[in-house]
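Dumped upload.txt below, it's compact mmCIF, C-alpha atoms:
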```txt
# COMPACT_ATOMS: atom_id res chain seq x y z
CA MET A 1 17.01 10.33 8.50
CA ASN A 2 17.86 13.17 10.82
CA ASP A 3 14.32 14.51 11.06
CA PRO A 4 11.92 11.98 12.63
CA LEU A 5 8.84 14.15 11.83
CA PHE A 6 9.81 15.04 8.25
CA TRP A 7 6.35 14.29 6.81
CA GLN A 8 4.79 17.05 8.92
CA HIS A 9 6.65 19.89 7.26
CA LYS A 10 8.02 18.60 3.97
CA SER A 11 6.05 18.17 0.77
CA LEU A 12 6.38 14.91 -1.15
CA GLU A 13 8.57 16.79 -3.64
CA GLN A 14 10.97 17.90 -0.88
CA MET A 15 11.56 14.45 0.58
CA SER A 16 14.81 12.56 0.21
CA GLU A 17 14.76 9.05 -1.20
CA SER A 18 15.05 7.52 2.28
CA GLU A 19 12.20 9.70 3.58
CA TRP A 20 10.08 8.73 0.59
CA GLU A 21 10.69 5.03 1.22
CA ALA A 22 9.96 5.46 4.94
CA LEU A 23 6.47 6.74 4.10
CA CYS A 24 5.47 3.25 3.05
CA ASP A 25 3.73 1.71 6.06
CA GLY A 26 4.22 -1.83 4.72
CA CYS A 27 0.50 -2.66 4.84
CA GLY A 28 0.69 -4.63 1.57
CA LYS A 29 -2.55 -3.21 0.14
CA CYS A 30 -0.80 -1.88 -2.96
CA CYS A 31 0.21 -5.49 -3.71
CA LEU A 32 -3.40 -6.61 -4.10
CA ALA A 33 -4.80 -7.41 -7.53
CA LYS A 34 -7.26 -4.80 -8.71
CA VAL A 35 -10.19 -4.87 -11.12
CA ILE A 36 -11.39 -1.92 -13.17
CA ASP A 37 -15.03 -1.91 -14.24
CA ASP A 38 -15.04 -1.47 -18.03
CA ASP A 39 -18.29 0.51 -17.95
CA THR A 40 -17.63 2.88 -15.04
CA ASP A 41 -13.81 2.85 -14.77
CA GLU A 42 -14.32 2.23 -11.04
CA LEU A 43 -11.40 0.55 -9.29
CA TYR A 44 -12.00 -2.45 -7.04
CA PHE A 45 -9.50 -4.16 -4.77
CA THR A 46 -9.45 -7.93 -4.44
CA ASP A 47 -8.14 -10.10 -1.65
CA ILE A 48 -5.61 -11.68 -4.00
CA ASN A 49 -2.02 -10.68 -3.33
CA CYS A 50 1.01 -10.61 -5.57
CA GLN A 51 3.04 -13.80 -5.60
CA LEU A 52 5.99 -11.93 -4.05
CA LEU A 53 4.08 -10.63 -1.03
CA ASP A 54 4.99 -12.26 2.26
CA GLN A 55 1.54 -12.63 3.81
CA HIS A 56 2.83 -12.41 7.38
CA SER A 57 5.25 -9.47 7.18
CA CYS A 58 3.17 -7.79 4.43
CA GLN A 59 6.42 -6.95 2.64
CA CYS A 60 7.70 -7.88 -0.79
CA SER A 61 9.81 -11.01 -0.56
CA ASP A 62 12.08 -9.78 -3.39
CA TYR A 63 11.80 -5.99 -3.31
CA ALA A 64 15.06 -5.39 -5.18
CA ASN A 65 14.00 -7.55 -8.14
CA ARG A 66 10.22 -7.02 -8.09
CA PHE A 67 10.03 -5.22 -11.43
CA ALA A 68 11.91 -8.01 -13.21
CA LYS A 69 9.70 -10.68 -11.65
CA VAL A 70 6.28 -8.97 -11.74
CA SER A 71 5.54 -7.27 -15.05
CA ASP A 72 2.73 -5.07 -13.73
CA CYS A 73 4.45 -3.94 -10.53
CA VAL A 74 4.35 -0.15 -10.38
CA LYS A 75 6.91 2.03 -8.63
CA ILE A 76 5.21 4.78 -6.63
CA THR A 77 6.86 8.05 -7.63
CA LEU A 78 5.82 11.63 -8.20
CA GLU A 79 6.64 11.10 -11.88
CA HIS A 80 3.92 8.43 -11.94
CA HIS A 81 1.45 10.55 -10.00
CA GLU A 82 -1.48 8.90 -11.79
CA SER A 83 -0.65 5.70 -9.88
CA PHE A 84 -1.80 7.37 -6.63
CA GLN A 85 -5.41 6.84 -7.74
CA TRP A 86 -5.12 3.08 -7.28
CA LEU A 87 -3.53 3.30 -3.85
CA PRO A 88 -5.81 2.61 -0.87
CA PRO A 89 -7.19 5.65 1.01
CA SER A 90 -4.99 4.74 4.00
CA CYS A 91 -1.75 5.00 1.98
CA ALA A 92 0.65 7.68 3.24
CA TYR A 93 1.60 8.76 -0.29
CA ARG A 94 -2.02 9.30 -1.22
CA ARG A 95 -2.97 10.88 2.12
CA LEU A 96 -0.11 13.40 2.08
CA ASP A 97 -0.77 14.19 -1.58
CA GLU A 98 -4.40 14.92 -0.65
CA GLY A 99 -3.33 17.15 2.25
CA ARG A 100 -4.26 14.65 4.96
CA ALA A 101 -2.18 13.50 7.93
CA LEU A 102 -0.70 10.06 8.40
CA PRO A 103 -3.07 7.64 10.11
CA LEU A 104 -2.60 7.25 13.86
CA TRP A 105 -1.37 3.67 13.44
CA HIS A 106 1.32 4.53 10.85
CA PRO A 107 4.71 3.06 11.82
CA LEU A 108 6.42 6.47 11.50
CA ARG A 109 4.30 7.60 14.45
CA HIS A 110 5.61 4.61 16.46
CA ASN A 111 9.38 4.64 15.80
CA GLY A 112 8.95 2.27 12.84
CA ASP A 113 7.02 -0.33 14.84
CA LYS A 114 4.31 -1.98 12.72
CA THR A 115 2.58 -3.76 15.62
CA LEU A 116 -0.29 -1.29 15.93
CA MET A 117 -0.88 -1.28 12.16
CA HIS A 118 -1.36 -5.05 12.18
CA ARG A 119 -3.37 -5.02 15.42
CA VAL A 120 -5.96 -2.54 14.12
CA GLY A 121 -6.31 -4.48 10.87
CA ALA A 122 -4.76 -1.85 8.61
CA SER A 123 -2.54 -4.39 6.84
CA VAL A 124 -3.29 -7.38 4.62
CA ARG A 125 -2.07 -9.85 7.26
CA GLY A 126 -4.44 -12.80 7.45
CA LYS A 127 -6.79 -11.43 4.79
CA THR A 128 -5.38 -12.47 1.43
CA ILE A 129 -4.82 -15.35 -0.96
CA SER A 130 -1.72 -15.62 -3.12
CA GLU A 131 -2.30 -15.22 -6.82
CA THR A 132 -0.54 -18.56 -7.28
CA ALA A 133 -3.33 -20.32 -5.34
CA VAL A 134 -6.30 -18.76 -7.13
CA SER A 135 -8.40 -19.98 -10.00
CA GLY A 136 -11.35 -18.12 -11.41
CA GLU A 137 -12.07 -14.55 -12.35
CA LEU A 138 -10.73 -11.64 -10.31
CA GLN A 139 -14.26 -10.27 -10.00
CA GLU A 140 -15.06 -13.24 -7.76
CA PHE A 141 -12.55 -11.93 -5.20
CA ILE A 142 -13.55 -8.27 -4.86
CA ALA A 143 -12.96 -7.06 -1.30
CA TYR A 144 -14.01 -3.84 0.39
CA TRP A 145 -11.81 -4.05 3.50
CA PRO A 146 -8.79 -2.49 1.74
CA LEU A 147 -10.76 0.78 1.64
CA ASP A 148 -11.08 0.89 5.44
CA GLU A 149 -8.78 3.52 6.84
CA CYS A 150 -8.57 2.22 10.43
CA GLU A 151 -8.01 5.74 11.74
CA ASP A 152 -7.97 5.02 15.45
```
Could you write out this file's structure as structure tokens?
Amino acid sequence: MNDPLFWQHKSLEQMSESEWEALCDGCGKCCLAKVIDDDTDELYFTDINCQLLDQHSCQCSDYANRFAKVSDCVKITLEHHESFQWLPPSCAYRRLDEGRALPLWHPLRHNGDKTLMHRVGASVRGKTISETAVSGELQEFIAYWPLDECED
């Protein structure tokens, strides 16, 4: 990327593929299991993470093959704009789509360094359980911390 501040003056539609990918802060919140209330259609996050999520780095352990290995993994694209609704409020894709700035801790604001993101608690590090280690209903694992935006 030749423009280190691309997100400040480009729309999501104008971004190159590498710029689009760079928007992902790597927090891991999109890799959490979610529950939708059948009566209200309200979306709830759980503290259960996808089996492919590395709980320390908060990155997919097999990003290239994730769709083949996880049947409900969703690729975030403008063509699947409806998927933005299940992204956490702190997500760069959702924030920029809503006309909001990147959070102060976002790695793009720190030359790609994710240290601040983890330090302020904006990632899933230390907060989740792998889906392979869980028994019981998802409703038992509803978590509200993924909705925290950790602005400052």
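The space separating atom CA of Asp47 of chain A from atom CA of Ser90 of chain A comes to 16.2 Å.
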Practice task
Choose the residue, out of A:Glu19, A:Glu13, A:Glu137, A:Asp25, that has the smallest atom-to-atom separation from His106 of chain A; count only C-alpha atoms.
Solution key: A:Asp25
Problem - segment 142-145 of chain A environment, 10 Å, all atoms listed in the file, sequence neighbours closer than 5 positions dropped, as JSON, numbers by chain - result: {"A": [29, 32, 33, 34, 35, 44, 45, 46, 47, 48, 88, 121, 122, 123, 124, 127, 128, 137, 150]}
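Considering only C-alpha atoms, the residue among A:Trp20, A:Leu5, A:Ile36, A:Phe141 positioned nearest to Asn111 of chain A is A:Leu5.
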Handout entry: Contacts of Cys58 of chain A at 7 Å (only C-alpha atoms; same-chain gap of 5+ positions) as a PyMOL selection string
Key = chain A and resi 26-28+53+124-125
Exercise for the section: In Å, rounded to a single decimal, give me how far atom CA of Thr40 of chain A is from atom CA of Leu78 of chain A. Expected result: 25.9 Å
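When atom CA of Lys114 of chain A is paired with atom CA of Ala68 of chain A, their separation reads 27.7 Å.
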Practice task
Between A:Phe67, A:Gln8, A:Gln55, A:Leu108, single out the one closest to Glu21 of chain A, counting all atoms listed in the file.
Solution key: A:Leu108
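Among the candidate residues A:Gln51, A:Ser135, A:Asn2, A:Ser11, the one lying nearest to Gly99 of chain A is A:Ser11, with distances computed using all atoms listed in the file.
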Practice task
Pick out the residues sitting within 9 Å of Arg109 of chain A, and hand them over as a VMD selection string; count only C-alpha atoms, and ignore anything fewer than 6 positions along from it in its own chain.
Solution key: chain A and resid 4 to 5 102 to 103
Exercise for the section: Could you tell me which of A:Ala64, A:Trp105, A:Phe6, A:Ser16 comes closest to Arg119 of chain A if we count all atoms listed in the file? Expected result: A:Trp105
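Shortest atom-to-atom contact with Lys75 of chain A among A:Cys31, A:Leu96, A:Leu116, A:Leu52: A:Cys31, counting only C-alpha atoms.
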Please reconstruct the missing atoms of segment 75-87 of chain A (target: N, CA and C atoms) and return them as an mmCIF file, in the frame of the given file.
```
data_model
loop_
_atom_site.group_PDB
_atom_site.id
_atom_site.type_symbol
_atom_site.label_atom_id
_atom_site.label_comp_id
_atom_site.auth_asym_id
_atom_site.auth_seq_id
_atom_site.Cartn_x
_atom_site.Cartn_y
_atom_site.Cartn_z
ATOM 1 N N LYS A 75 6.142 1.276 -9.611
ATOM 2 C CA LYS A 75 6.910 2.030 -8.630
ATOM 3 C C LYS A 75 6.150 3.318 -8.324
ATOM 4 N N ILE A 76 5.925 3.574 -7.043
ATOM 5 C CA ILE A 76 5.210 4.780 -6.630
ATOM 6 C C ILE A 76 6.203 5.941 -6.623
ATOM 7 N N THR A 77 6.010 6.865 -7.546
ATOM 8 C CA THR A 77 6.860 8.050 -7.630
ATOM 9 C C THR A 77 5.996 9.251 -7.997
ATOM 10 N N LEU A 78 6.539 10.422 -7.785
ATOM 11 C CA LEU A 78 5.820 11.630 -8.200
ATOM 12 C C LEU A 78 5.721 11.704 -9.714
ATOM 13 N N GLU A 79 6.684 11.117 -10.415
ATOM 14 C CA GLU A 79 6.640 11.100 -11.880
ATOM 15 C C GLU A 79 5.483 10.254 -12.397
ATOM 16 N N HIS A 80 5.058 9.290 -11.594
ATOM 17 C CA HIS A 80 3.920 8.430 -11.940
ATOM 18 C C HIS A 80 2.743 8.779 -11.031
ATOM 19 N N HIS A 81 2.478 10.046 -10.913
ATOM 20 C CA HIS A 81 1.450 10.550 -10.000
ATOM 21 C C HIS A 81 0.082 9.910 -10.256
ATOM 22 N N GLU A 82 -0.186 9.533 -11.487
ATOM 23 C CA GLU A 82 -1.480 8.900 -11.790
ATOM 24 C C GLU A 82 -1.650 7.575 -11.056
ATOM 25 N N SER A 83 -0.549 6.965 -10.615
ATOM 26 C CA SER A 83 -0.650 5.700 -9.880
ATOM 27 C C SER A 83 -1.224 5.904 -8.482
ATOM 28 N N PHE A 84 -1.237 7.120 -7.965
ATOM 29 C CA PHE A 84 -1.800 7.370 -6.630
ATOM 30 C C PHE A 84 -3.274 7.013 -6.585
ATOM 31 N N GLN A 85 -3.964 7.107 -7.720
ATOM 32 C CA GLN A 85 -5.410 6.840 -7.740
ATOM 33 C C GLN A 85 -5.749 5.394 -7.401
ATOM 34 N N TRP A 86 -4.823 4.473 -7.607
ATOM 35 C CA TRP A 86 -5.120 3.080 -7.280
ATOM 36 C C TRP A 86 -4.546 2.656 -5.934
ATOM 37 N N LEU A 87 -3.987 3.601 -5.198
ATOM 38 C CA LEU A 87 -3.530 3.300 -3.850
ATOM 39 C C LEU A 87 -4.722 3.348 -2.890
#
```
